[in-house]
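Engineer: Dropping in run_4.txt, which is compact mmCIF, C-alpha atoms and all ligand atoms:
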# COMPACT_ATOMS: atom_id res chain seq x y z
CA MET A 1 99.02 109.33 123.75
CA PRO A 2 98.50 105.96 122.11
CA GLN A 3 96.73 103.33 124.15
CA MET A 4 99.22 101.20 126.06
CA GLY A 5 98.92 97.57 127.14
CA PRO A 6 100.37 96.05 130.28
CA MET A 7 104.09 96.19 130.96
CA ILE A 8 105.78 92.80 130.76
CA GLY A 9 109.36 93.11 131.84
CA TYR A 10 110.89 95.61 129.45
CA ALA A 11 108.20 94.97 126.84
CA VAL A 12 105.29 97.27 126.22
CA THR A 13 102.37 96.81 123.83
CA VAL A 14 101.22 99.84 121.89
CA VAL A 15 98.05 99.75 119.80
CA ILE A 16 97.20 102.70 117.59
CA GLU A 17 94.27 102.87 115.21
CA PRO A 18 94.42 105.92 112.93
CA GLY A 19 91.77 104.25 110.71
CA ASN A 20 89.34 104.68 113.58
CA ARG A 21 87.68 108.07 113.01
CA LYS A 22 87.24 108.80 116.70
CA HIS A 23 90.89 108.10 117.30
CA ARG A 24 91.89 110.45 114.46
CA GLU A 25 89.73 113.23 115.81
CA ALA A 26 90.92 112.77 119.37
CA ASN A 27 94.59 112.23 118.47
CA PRO A 28 95.47 113.95 115.19
CA LYS A 29 99.15 113.76 116.11
CA GLY A 30 98.98 110.17 117.43
CA TRP A 31 101.60 108.79 115.04
CA GLN A 32 104.20 111.45 115.81
CA GLU A 33 103.54 111.02 119.52
CA TYR A 34 103.91 107.27 119.15
CA ARG A 35 107.28 107.61 117.41
CA ARG A 36 108.53 109.99 120.08
CA TYR A 37 107.21 107.73 122.83
CA VAL A 38 108.78 104.53 121.44
CA ALA A 39 112.08 106.29 120.88
CA GLY A 40 111.99 107.38 124.52
CA VAL A 41 111.55 103.87 125.96
CA SER A 42 114.79 101.91 126.21
CA GLY A 43 115.08 98.17 125.78
CA PRO A 44 113.08 95.72 123.65
CA LYS A 45 109.51 96.60 122.79
CA ILE A 46 106.52 94.67 121.52
CA VAL A 47 104.55 96.93 119.21
CA VAL A 48 101.34 96.22 117.31
CA LEU A 49 100.38 98.59 114.49
CA GLN A 50 96.85 98.26 113.12
CA ASP A 51 95.11 99.94 110.24
CA LEU A 52 97.85 102.44 109.61
CA THR A 53 99.50 104.03 106.60
CA VAL A 54 103.19 104.90 106.83
CA SER A 55 104.05 106.91 103.74
CA TYR A 56 106.49 109.46 102.37
CA GLY A 57 109.04 108.63 105.05
CA GLN A 58 112.72 109.08 104.37
CA SER A 59 115.46 107.84 106.66
CA GLN A 60 118.64 109.79 107.42
CA PRO A 61 122.12 108.31 107.75
CA THR A 62 122.44 110.51 110.84
CA ASP A 63 119.57 108.63 112.55
CA SER A 64 120.48 106.42 115.51
CA HIS A 65 119.96 103.39 113.28
CA LEU A 66 122.16 104.69 110.43
CA GLY A 67 119.21 105.48 108.24
CA TYR A 68 118.15 101.86 107.79
CA GLY A 69 114.43 101.51 106.97
CA GLY A 70 112.74 104.37 105.10
CA GLY A 71 109.32 103.84 106.69
CA ILE A 72 109.97 101.65 109.73
CA TYR A 73 113.06 100.42 111.53
CA ASN A 74 112.44 97.57 114.00
CA GLU A 75 114.67 95.94 116.56
CA GLY A 76 111.99 94.69 118.98
CA GLN A 77 108.87 92.68 118.21
CA LEU A 78 106.50 94.34 115.78
CA THR A 79 103.17 93.25 114.33
CA LEU A 80 101.75 95.06 111.30
CA GLN A 81 98.03 94.36 110.79
CA ASP A 82 96.23 96.09 107.88
CA VAL A 83 99.12 98.49 107.40
CA ASN A 84 100.10 100.32 104.21
CA LEU A 85 103.78 101.14 103.73
CA PHE A 86 103.80 103.47 100.73
CA PHE A 87 106.36 105.74 99.02
CA ASN A 88 109.12 105.50 101.62
CA ILE A 89 112.79 106.01 100.79
CA ALA A 90 115.84 104.56 102.56
CA GLY A 91 118.82 106.89 102.51
CA ARG A 92 119.49 110.54 101.90
CA GLY A 93 122.21 112.62 100.30
CA THR A 94 125.19 110.43 99.44
CA ALA A 95 124.10 107.40 101.50
CA SER A 96 121.87 104.66 100.09
CA THR A 97 120.62 102.54 103.02
CA PRO A 98 118.78 99.19 103.10
CA GLY A 99 115.02 98.66 103.49
CA GLY A 100 112.95 101.26 101.63
CA GLY A 101 109.69 100.37 103.39
CA ILE A 102 110.99 98.54 106.45
CA PHE A 103 114.27 97.30 107.90
CA ASN A 104 113.96 94.50 110.45
CA ALA A 105 116.64 93.63 113.00
CA GLY A 106 114.18 91.99 115.44
CA THR A 107 110.96 90.07 114.87
CA VAL A 108 108.19 91.27 112.55
CA TYR A 109 104.79 89.77 111.69
CA ILE A 110 103.07 91.34 108.67
CA TYR A 111 99.40 90.44 108.13
CA ASP A 112 96.91 91.72 105.51
CA SER A 113 99.18 94.60 104.57
CA ARG A 114 100.63 96.31 101.52
CA VAL A 115 104.27 97.31 100.97
CA GLN A 116 104.21 99.36 97.78
CA TYR A 117 106.17 102.07 95.89
CA ASN A 118 109.11 102.08 98.31
CA THR A 119 112.73 102.37 97.23
CA THR A 120 116.34 102.53 98.30
CA LEU A 121 118.28 105.59 97.17
CA ASP A 122 120.70 105.41 94.22
CA GLY A 123 124.33 104.65 94.99
CA PHE A 124 126.72 107.61 95.05
CA GLY A 125 130.17 107.70 93.43
CA THR A 126 131.66 104.22 93.54
CA ALA A 127 128.95 102.79 95.84
CA SER A 128 126.26 100.26 94.98
CA ALA A 129 122.64 101.03 95.77
CA ALA A 130 121.46 99.34 98.97
CA GLY A 131 119.19 96.25 98.88
CA GLY A 132 115.58 95.68 99.84
CA GLY A 133 113.44 98.26 98.04
CA GLY A 134 110.32 97.16 99.92
CA ILE A 135 111.67 95.11 102.81
CA TYR A 136 115.08 94.24 104.23
CA ASN A 137 114.88 91.39 106.73
CA ASN A 138 117.96 90.82 108.85
CA ASN A 139 116.44 88.59 111.51
CA ASN A 140 112.95 86.99 111.80
CA MET A 141 109.98 87.87 109.65
CA THR A 142 106.61 86.31 108.83
CA ILE A 143 104.39 87.67 106.05
CA GLN A 144 100.80 86.47 105.47
CA ARG A 145 98.02 87.55 103.09
CA SER A 146 99.97 90.61 102.01
CA ALA A 147 101.31 92.23 98.86
CA VAL A 148 104.85 93.50 98.26
CA THR A 149 104.49 95.27 94.92
CA ASP A 150 105.94 98.06 92.77
CA ASN A 151 109.05 98.58 94.89
CA THR A 152 112.44 99.41 93.43
CA THR A 153 116.08 99.47 94.43
CA GLY A 154 118.37 102.31 93.44
CA VAL A 155 120.74 102.60 90.51
CA GLY A 156 124.49 102.05 91.05
CA GLY A 157 126.80 105.04 91.51
CA THR A 158 128.02 106.99 88.51
CA THR A 159 131.79 107.02 88.98
CA ALA A 160 133.34 105.32 85.99
CA ASP A 161 135.37 102.12 86.25
CA ALA A 162 133.99 101.25 89.66
CA SER A 163 131.89 98.26 90.68
CA ALA A 164 128.82 100.22 91.61
CA ASN A 165 125.89 97.83 91.25
CA GLY A 166 122.16 98.32 91.14
CA GLY A 167 120.51 97.34 94.44
CA ASP A 168 119.62 93.69 95.04
CA GLY A 169 116.15 92.49 96.10
CA ALA A 170 113.73 95.11 94.81
CA GLY A 171 110.80 93.54 96.64
CA ILE A 172 112.56 91.85 99.55
CA TYR A 173 116.19 91.37 100.56
CA ASN A 174 116.36 88.52 103.07
CA ASN A 175 119.39 87.96 105.25
CA GLY A 176 117.52 86.19 108.05
CA ILE A 177 114.66 83.73 108.49
CA LEU A 178 111.69 84.68 106.33
CA GLN A 179 108.37 82.87 105.96
CA ILE A 180 105.80 84.07 103.44
CA SER A 181 102.37 82.57 102.82
CA ALA A 182 99.34 83.48 100.70
CA SER A 183 101.11 86.63 99.56
CA SER A 184 102.14 88.29 96.33
CA ILE A 185 105.58 89.64 95.47
CA SER A 186 104.90 91.40 92.19
CA GLU A 187 106.19 93.99 89.74
CA ASN A 188 109.23 95.00 91.73
CA PHE A 189 112.19 96.31 89.69
CA ALA A 190 115.81 96.07 90.76
CA GLY A 191 118.09 99.02 89.91
CA SER A 192 120.42 99.01 86.95
CA SER A 193 124.06 100.05 86.80
CA SER A 194 124.58 103.63 85.71
CA THR A 195 127.63 104.73 83.76
CA SER A 196 129.98 102.73 86.00
CA MET A 197 131.19 99.19 85.40
CA GLY A 198 128.76 97.71 87.91
CA ARG A 199 126.18 95.01 87.23
CA GLY A 200 122.41 95.27 87.38
CA GLY A 201 120.70 94.41 90.69
CA HIS A 202 119.92 90.74 91.36
CA GLY A 203 116.57 89.40 92.55
CA GLY A 204 113.68 91.44 91.16
CA GLY A 205 111.16 89.94 93.59
CA ILE A 206 113.27 88.41 96.34
CA TYR A 207 117.03 88.22 97.01
CA ASN A 208 117.81 85.56 99.58
CA THR A 209 121.14 84.86 101.26
CA ALA A 210 119.81 82.98 104.30
CA SER A 211 116.51 81.08 104.68
CA VAL A 212 113.24 81.77 102.90
CA GLN A 213 110.06 79.68 102.79
CA LEU A 214 107.21 80.43 100.40
CA ASN A 215 103.81 78.79 100.75
CA GLY A 216 100.92 79.49 98.37
CA CYS A 217 102.48 82.67 96.96
CA THR A 218 102.77 84.49 93.65
CA LEU A 219 105.97 85.93 92.21
CA TYR A 220 104.66 87.94 89.28
CA GLY A 221 106.21 90.39 86.83
CA ASN A 222 109.39 91.21 88.74
CA GLN A 223 112.56 92.28 86.95
CA THR A 224 116.29 92.50 87.66
CA GLY A 225 118.52 95.48 86.83
CA ARG A 226 120.30 96.15 83.55
CA GLY A 227 124.09 96.16 83.23
CA PHE A 228 124.95 98.96 80.85
CA LYS A 229 128.69 98.16 80.87
CA ASN A 230 128.57 94.81 82.70
CA ASP A 231 126.20 91.91 83.48
CA GLY A 232 122.45 92.13 83.83
CA GLY A 233 121.11 91.00 87.23
CA ASP A 234 120.22 87.34 87.82
CA GLY A 235 116.95 85.93 89.19
CA GLY A 236 113.96 87.87 87.86
CA GLY A 237 111.53 86.42 90.39
CA LEU A 238 113.90 85.11 93.04
CA TYR A 239 117.67 84.98 93.54
CA ASN A 240 118.77 82.36 96.06
CA SER A 241 122.27 81.88 97.44
CA GLY A 242 120.99 80.44 100.73
CA MET A 243 118.17 78.00 101.50
CA LEU A 244 114.88 78.08 99.63
CA LEU A 245 111.79 76.04 100.43
CA MET A 246 108.83 76.60 98.07
CA TYR A 247 105.36 75.07 98.16
CA ASP A 248 102.31 75.67 95.93
CA THR A 249 103.68 78.87 94.44
CA SER A 250 103.27 80.40 90.98
CA VAL A 251 106.34 82.10 89.50
CA LEU A 252 105.20 83.83 86.35
CA ARG A 253 106.16 86.55 83.91
CA ASN A 254 109.36 87.54 85.70
CA THR A 255 112.35 88.62 83.64
CA THR A 256 116.05 89.31 83.96
CA ASN A 257 117.63 92.31 82.28
CA PHE A 258 120.18 93.01 79.55
CA GLY A 259 123.95 92.85 79.79
CA ALA A 260 126.28 95.14 77.81
CA MET A 261 126.27 94.37 74.08
CA GLY A 262 129.54 96.05 73.02
CA PRO A 263 131.31 97.27 71.05
CA THR A 264 133.56 98.29 73.96
CA ASP A 265 131.78 96.79 76.97
CA PHE A 266 130.41 93.28 77.31
CA GLY A 267 128.26 91.67 79.96
CA LYS A 268 126.03 88.63 80.08
CA GLY A 269 122.27 88.86 80.07
CA GLY A 270 120.79 87.97 83.45
CA ASP A 271 120.30 84.24 84.14
CA GLY A 272 117.20 82.57 85.62
CA GLY A 273 114.09 84.47 84.57
CA GLY A 274 111.89 82.95 87.28
CA LEU A 275 114.38 81.47 89.73
CA TYR A 276 118.17 81.64 90.05
CA SER A 277 119.56 79.35 92.72
CA THR A 278 123.18 78.50 93.49
CA ASN A 279 122.86 76.84 96.88
CA SER A 280 119.94 74.83 98.33
CA ALA A 281 116.53 74.81 96.69
CA SER A 282 113.58 72.49 97.45
CA VAL A 283 110.55 73.16 95.29
CA TYR A 284 107.20 71.39 95.65
CA HIS A 285 104.02 71.73 93.60
CA SER A 286 104.97 75.02 92.01
CA THR A 287 104.57 76.45 88.51
CA PHE A 288 107.23 78.41 86.59
CA ALA A 289 105.69 79.80 83.42
CA GLU A 290 106.11 82.68 80.97
CA ASN A 291 109.31 83.90 82.60
CA GLY A 292 112.18 84.99 80.42
CA ASN A 293 115.73 86.20 80.38
CA ALA A 294 117.43 88.93 78.44
CA SER A 295 120.21 89.10 75.91
CA GLY A 296 123.78 90.21 76.42
CA THR A 297 127.27 88.97 75.64
CA PRO A 298 126.69 86.12 76.13
CA ASN A 299 122.91 85.79 76.30
CA GLY A 300 121.27 84.77 79.58
CA ILE A 301 120.45 81.14 80.27
CA GLY A 302 117.64 79.41 82.14
CA GLY A 303 114.50 81.24 81.01
CA GLY A 304 112.36 79.62 83.71
CA VAL A 305 114.83 78.35 86.29
CA TYR A 306 118.62 78.34 86.69
CA ILE A 307 119.39 75.80 89.35
CA THR A 308 122.85 74.74 90.51
CA GLY A 309 124.48 74.34 93.94
CA SER A 310 124.52 71.88 96.82
CA SER A 311 120.86 70.79 96.80
CA ARG A 312 118.53 70.91 93.82
CA PHE A 313 115.28 69.13 94.49
CA MET A 314 111.97 69.58 92.71
CA ARG A 315 108.77 67.57 92.99
CA GLY A 316 105.33 67.87 91.43
CA SER A 317 106.20 71.10 89.62
CA ILE A 318 105.72 72.54 86.15
CA VAL A 319 108.39 74.42 84.21
CA ALA A 320 106.96 75.42 80.84
CA ASP A 321 106.16 78.22 78.38
CA ASN A 322 109.25 80.22 79.38
CA SER A 323 111.57 81.96 76.93
CA SER A 324 115.29 82.60 76.72
CA SER A 325 117.62 84.75 74.68
CA GLY A 326 120.16 81.94 74.93
CA THR A 327 119.88 78.19 75.33
CA SER A 328 117.93 76.35 78.05
CA VAL A 329 114.53 77.90 77.54
CA ASP A 330 112.78 76.38 80.55
CA CYS A 331 115.46 75.02 82.85
CA TYR A 332 119.23 75.16 83.19
CA GLY A 333 120.97 72.78 85.57
CA ASP A 334 120.69 69.33 87.10
CA LEU A 335 117.69 68.26 89.19
CA VAL A 336 118.62 65.61 91.79
CA ASN A 337 116.15 62.93 92.97
CA SER A 338 113.35 64.97 91.40
CA SER A 339 110.11 63.21 90.50
CA TYR A 340 106.65 63.94 89.07
CA ASN A 341 107.65 67.17 87.34
CA LEU A 342 106.74 68.45 83.91
CA VAL A 343 109.59 70.23 82.09
CA GLU A 344 108.45 71.17 78.61
CA ASN A 345 111.84 72.03 77.09
CA THR A 346 114.79 70.10 78.56
CA VAL A 347 117.63 71.69 76.61
CA GLY A 348 120.30 72.40 79.28
CA CYS A 349 118.36 70.53 81.97
CA THR A 350 119.01 67.05 83.32
CA PHE A 351 117.61 64.71 85.96
CA SER A 352 120.03 62.68 88.09
CA GLY A 353 119.93 60.34 91.09
CA THR A 354 116.66 58.48 91.66
CA PHE A 355 113.74 59.90 89.74
CA PHE A 356 110.45 58.76 88.27
CA GLY A 357 107.21 60.09 86.86
CA ASN A 358 108.69 63.14 85.12
CA LEU A 359 107.10 64.34 81.89
CA THR A 360 109.35 66.07 79.38
CA GLY A 361 108.78 67.53 75.95
CA VAL A 362 105.04 67.94 76.46
CA ASP A 363 102.94 71.07 76.86
CA PRO A 364 101.13 71.34 80.24
CA GLN A 365 98.15 73.10 78.60
CA LEU A 366 98.05 75.97 81.05
CA ARG A 367 94.98 78.18 80.76
CA ASP A 368 95.17 81.99 80.77
CA VAL A 369 96.56 83.62 83.88
CA GLN A 370 93.86 84.22 86.47
CA LEU A 371 93.52 86.50 89.45
CA LEU A 372 93.02 84.13 92.37
CA GLY A 373 92.83 86.59 95.24
CA TYR A 374 94.50 89.68 96.64
CA TYR A 375 97.31 90.25 94.09
CA LEU A 376 97.56 86.46 93.70
CA TYR A 377 97.88 85.10 90.18
CA GLY A 378 98.21 81.61 88.75
CA PHE A 379 97.75 79.43 85.69
CA PRO A 380 94.94 76.87 86.09
CA LEU A 381 95.32 73.58 84.24
CA SER A 382 93.13 72.61 81.31
CA ARG A 383 90.93 69.56 81.72
CA THR A 384 93.06 67.67 79.19
CA SER A 385 96.42 68.68 80.70
CA PRO A 386 98.94 65.84 81.11
CA ALA A 387 99.78 67.33 84.55
CA VAL A 388 96.38 66.35 86.02
CA ASP A 389 96.35 63.48 88.53
CA LYS A 390 100.00 62.52 88.09
CA VAL A 391 101.79 63.05 91.45
CA LEU A 392 101.40 59.71 93.19
CA SER A 393 103.24 60.76 96.35
CA CYS A 394 101.87 64.19 97.13
CA MET A 395 103.83 66.67 99.28
CA SER A 396 101.02 69.18 99.76
CA ASP A 397 97.45 69.06 101.05
CA GLU A 398 96.37 72.51 99.82
CA ASP A 399 97.04 74.26 96.55
CA GLN A 400 97.97 77.91 95.98
CA ARG A 401 94.40 79.07 96.67
CA GLY A 402 94.09 76.91 99.78
CA SER A 403 91.86 74.38 97.97
CA LEU A 404 92.25 70.85 99.21
CA ARG A 405 94.46 68.36 97.39
CA PRO A 406 94.15 65.83 95.95
CA LEU A 407 91.06 66.14 93.75
CA ASP A 408 89.97 63.76 91.03
CA GLY A 409 90.61 66.12 88.12
CA ASP A 410 90.22 63.54 85.37
CA GLY A 411 87.02 62.08 86.81
CA ASP A 412 88.18 58.46 86.81
CA GLY A 413 87.20 57.88 90.43
CA SER A 414 90.65 58.20 92.03
CA ALA A 415 91.83 61.52 93.47
CA ILE A 416 95.53 62.13 92.81
CA CYS A 417 97.52 65.35 93.15
CA ASP A 418 98.27 67.49 90.10
CA MET A 419 101.61 68.92 89.11
CA GLY A 420 101.93 72.67 89.59
CA ALA A 421 100.52 75.24 91.99
CA LEU A 422 96.83 74.89 91.20
CA GLU A 423 94.80 71.69 91.64
CA LEU A 424 92.11 71.18 89.02
CA GLY A 425 88.62 70.62 90.42
CA MET A 426 86.45 67.64 89.64
CA PRO A 427 84.63 67.67 86.30
CA PHE A 428 80.88 68.09 86.34
CA PHE A 429 78.88 65.62 84.32
CA ILE A 430 75.50 67.02 83.31
CA PRO A 431 73.09 64.17 82.70
CA MET A 432 71.30 64.37 79.40
CA ILE A 433 67.54 64.34 79.86
CA VAL A 434 65.48 63.17 76.93
CA LYS A 435 61.72 63.56 76.98
CA CA A 501 104.16 75.21 75.94
CA CA A 502 94.15 66.03 90.86
CA CA A 503 91.71 60.68 88.84
Could you render the structure as structure tokens?
Ligand SMILES: [Ca+2]
Ligand SMILES: [Ca+2]
Ligand SMILES: [Ca+2]

Structural biologist:
Amino acid sequence: MPQMGPMIGYAVTVVIEPGNRKHREANPKGWQEYRRYVAGVSGPKIVVLQDLTVSYGQSQPTDSHLGYGGGIYNEGQLTLQDVNLFFNIAGRGTASTPGGGIFNAGTVYIYDSRVQYNTTLDGFGTASAAGGGGIYNNNNMTIQRSAVTDNTTGVGGTTADASANGGDGAGIYNNGILQISASSISENFAGSSSTSMGRGGHGGGIYNTASVQLNGCTLYGNQTGRGFKNDGGDGGGLYNSGMLLMYDTSVLRNTTNFGAMGPTDFGKGGDGGGLYSTNSASVYHSTFAENGNASGTPNGIGGGVYITGSSRFMRGSIVADNSSSGTSVDCYGDLVNSSYNLVENTVGCTFSGTFFGNLTGVDPQLRDVQLLGYYLYGFPLSRTSPAVDKVLSCMSDEDQRGSLRPLDGDGDGSAICDMGALELGMPFFIPMIVK
């Protein structure tokens, strides 16, 4: 049996360590026994999983929890520490179910873990594929120092003339309260439509309907689904129809997908290569670069960000070097009370309300993309970048790497915050020695 902690009310703590060789030798069937044990205890549970790989799981619609969560289904309190969730599938037969790697209906803490190569099953008949290829959060979740990469959502059902969409949120589908820090959401691909009239899946990296906060993260190389007879999915990196709070985060090289080009079927290319937001978005000290959107009828708009809705606030951020098949290369929408940003191309993008210190029409001189840590990428600033030492009222005291802000990047003796996710360090002056 797994080692059990003390009983607290109806809660029980279970710690299993399959990475511990002695544990493996003594308990080769520990994981199966744990599953059977947890299933046999009624009521809420507090479970801690350490150093574990959950892989090649597949959930069944006939399970007690309707087949939600290919690898793990949680309705108690669960902590994942150094856990790999690999190659799990949510759904079986004709039922595509949410949460390829994990479905959360309780409280989950994920630390130093990897959620990779998970998927939701394709939709069947007139059904859409379910959301959350890697993770579906329906309640409370915290993710730190982890990677959610290479997950997919399924393709929409094949029955013609139905609205069977590709699954939304290939990396993460959030319908609860989600906080992510120092983590990477990268190279997740949302499902396309099949031969039906459905659209491609929205939100390659993250699809948010409720509340998501990102702090010091990377959204890299995610992609939405293609609409073969309808629209391509919106929001390559992140699709937000709820509340988004973003600090010190790099959103780079995400793309939307194609809409139908005719001659019989037409659909727009996906909008918002990096970010697509239609409700409340507050973005601080973040960088949106080298994202793009795809063509269709009409072409997609907002290569970097597409930002409309009730609240549209951005401060100390960079939106540059993006591309678009349509108009509004970097930014589409109206930014309200937004100051100290650099938007390189402002076609389709306006500032309203009270604003100051924005730079437009200039290149931020981003250096090549760099690996900053565990799956974390970002674009450092060049020494001569106009974004250095420009944010007079700083909203962040650490950059994406956790380096302190502000630093005196231009070496003039006063330390002021930079625009974007990465703060440039102080220049070194080598004294010239003449003999
Ligand atoms: Ca540029
Ligand atoms: Ca600085
Ligand atoms: Ca300075």

Engineer: Atom CA of Gly292 of chain A and atom CA of Asn137 of chain A are how many Å apart?

Structural biologist: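 Straight-line distance from atom CA of Gly292 of chain A to atom CA of Asn137 of chain A works out to 27.2 Å.
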
Engineer: Within 9 Å of (102.0, 73.6, 77.4), in the coordinates the file gives, what residues turn up when you count all atoms listed in the file, written out as a PDB file with C-alpha atoms, in the coordinates of the input?

Structural biologist:
ATOM      1  CA  ALA A 320     106.960  75.420  80.840  1.00  0.00           C
ATOM      2  CA  ASP A 321     106.160  78.220  78.380  1.00  0.00           C
ATOM      3  CA  GLU A 344     108.450  71.170  78.610  1.00  0.00           C
ATOM      4  CA  VAL A 362     105.040  67.940  76.460  1.00  0.00           C
ATOM      5  CA  ASP A 363     102.940  71.070  76.860  1.00  0.00           C
ATOM      6  CA  PRO A 364     101.130  71.340  80.240  1.00  0.00           C
ATOM      7  CA  GLN A 365      98.150  73.100  78.600  1.00  0.00           C
ATOM      8  CA  LEU A 366      98.050  75.970  81.050  1.00  0.00           C
ATOM      9  CA  SER A 385      96.420  68.680  80.700  1.00  0.00           C
TER      10      SER A 385
END

Engineer: To one decimal place in Å, what is the distance between atom CA of Ala294 of chain A and atom CA of Thr153 of chain A?

Structural biologist: 19.2 Å

Engineer: Pick out the residues no farther than 10 Å from ligand CA 502 (chain A), counting all atoms listed in the file, and list them as a PDB file with C-alpha atoms, keeping the file's coordinate frame.

Structural biologist:
ATOM      1  CA  ALA A 387      99.780  67.330  84.550  1.00  0.00           C
ATOM      2  CA  VAL A 388      96.380  66.350  86.020  1.00  0.00           C
ATOM      3  CA  ASP A 389      96.350  63.480  88.530  1.00  0.00           C
ATOM      4  CA  LYS A 390     100.000  62.520  88.090  1.00  0.00           C
ATOM      5  CA  VAL A 391     101.790  63.050  91.450  1.00  0.00           C
ATOM      6  CA  LEU A 392     101.400  59.710  93.190  1.00  0.00           C
ATOM      7  CA  LEU A 404      92.250  70.850  99.210  1.00  0.00           C
ATOM      8  CA  ARG A 405      94.460  68.360  97.390  1.00  0.00           C
ATOM      9  CA  PRO A 406      94.150  65.830  95.950  1.00  0.00           C
ATOM     10  CA  LEU A 407      91.060  66.140  93.750  1.00  0.00           C
ATOM     11  CA  ASP A 408      89.970  63.760  91.030  1.00  0.00           C
ATOM     12  CA  GLY A 409      90.610  66.120  88.120  1.00  0.00           C
ATOM     13  CA  ASP A 410      90.220  63.540  85.370  1.00  0.00           C
ATOM     14  CA  GLY A 411      87.020  62.080  86.810  1.00  0.00           C
ATOM     15  CA  SER A 414      90.650  58.200  92.030  1.00  0.00           C
ATOM     16  CA  ALA A 415      91.830  61.520  93.470  1.00  0.00           C
ATOM     17  CA  ILE A 416      95.530  62.130  92.810  1.00  0.00           C
ATOM     18  CA  CYS A 417      97.520  65.350  93.150  1.00  0.00           C
ATOM     19  CA  ASP A 418      98.270  67.490  90.100  1.00  0.00           C
ATOM     20  CA  MET A 419     101.610  68.920  89.110  1.00  0.00           C
ATOM     21  CA  LEU A 422      96.830  74.890  91.200  1.00  0.00           C
ATOM     22  CA  GLU A 423      94.800  71.690  91.640  1.00  0.00           C
ATOM     23  CA  LEU A 424      92.110  71.180  89.020  1.00  0.00           C
ATOM     24  CA  GLY A 425      88.620  70.620  90.420  1.00  0.00           C
ATOM     25  CA  MET A 426      86.450  67.640  89.640  1.00  0.00           C
TER      26      MET A 426
END

Engineer: Between A:Asn322, A:Ser194, A:Asn174, A:Thr158, which residue has the minimum interatomic distance to ligand CA 501 (chain A), considering all atoms listed in the file?

Structural biologist: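 Of A:Asn322, A:Ser194, A:Asn174, A:Thr158, the one nearest ligand CA 501 (chain A) is A:Asn322, counting all atoms listed in the file.
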
Engineer: For the point (114.7, 85.7, 95.4) in the file's frame, write as a PyMOL selection string all residues with an atom no more than 7 Å away, counting all atoms listed in the file.

Structural biologist: chain A and resi 169+203+205-208+235+237-240

Engineer: For a quick check of understanding, using all atoms listed in the file, which of A:Leu376, A:Glu290, A:Arg312, A:Ser128 has the smallest distance to ligand CA 501 (chain A)?

Structural biologist: A:Glu290

Engineer: Looking at A:Thr224, A:Gln144, A:Thr297, A:Ser96, which one is nearest to Asp265 of chain A, with distances taken over all atoms listed in the file?

Structural biologist: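 For Asp265 of chain A, the nearest of the given residues is A:Thr297.
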
Engineer: Could you rebuild segment 156-167 of chain A with N, CA and C atoms and give me the result as a compact mmCIF listing (two decimals), in the coordinates of the input?

Structural biologist:
# COMPACT_ATOMS: atom_id res chain seq x y z
N GLY A 156 123.11 101.97 90.56
CA GLY A 156 124.49 102.05 91.05
C GLY A 156 125.10 103.42 90.83
N GLY A 157 126.14 103.73 91.59
CA GLY A 157 126.80 105.04 91.51
C GLY A 157 127.39 105.31 90.13
N THR A 158 127.67 106.57 89.87
CA THR A 158 128.02 106.99 88.51
C THR A 158 129.51 107.09 88.22
N THR A 159 130.36 106.92 89.23
CA THR A 159 131.79 107.02 88.98
C THR A 159 132.26 105.91 88.05
N ALA A 160 132.94 106.29 87.00
CA ALA A 160 133.34 105.32 85.99
C ALA A 160 134.36 104.34 86.53
N ASP A 161 134.39 103.16 85.93
CA ASP A 161 135.37 102.12 86.25
C ASP A 161 135.29 101.62 87.68
N ALA A 162 134.17 101.79 88.31
CA ALA A 162 133.99 101.25 89.66
C ALA A 162 132.93 100.16 89.61
N SER A 163 132.91 99.31 90.62
CA SER A 163 131.89 98.26 90.68
C SER A 163 130.69 98.74 91.48
N ALA A 164 130.00 99.68 90.94
CA ALA A 164 128.82 100.22 91.61
C ALA A 164 127.59 99.55 91.01
N ASN A 165 126.99 98.63 91.78
CA ASN A 165 125.89 97.83 91.25
C ASN A 165 124.53 98.43 91.57
N GLY A 166 123.53 98.02 90.76
CA GLY A 166 122.16 98.32 91.14
C GLY A 166 121.82 97.53 92.39
N GLY A 167 120.86 98.00 93.17
CA GLY A 167 120.51 97.34 94.44
C GLY A 167 119.86 95.98 94.23
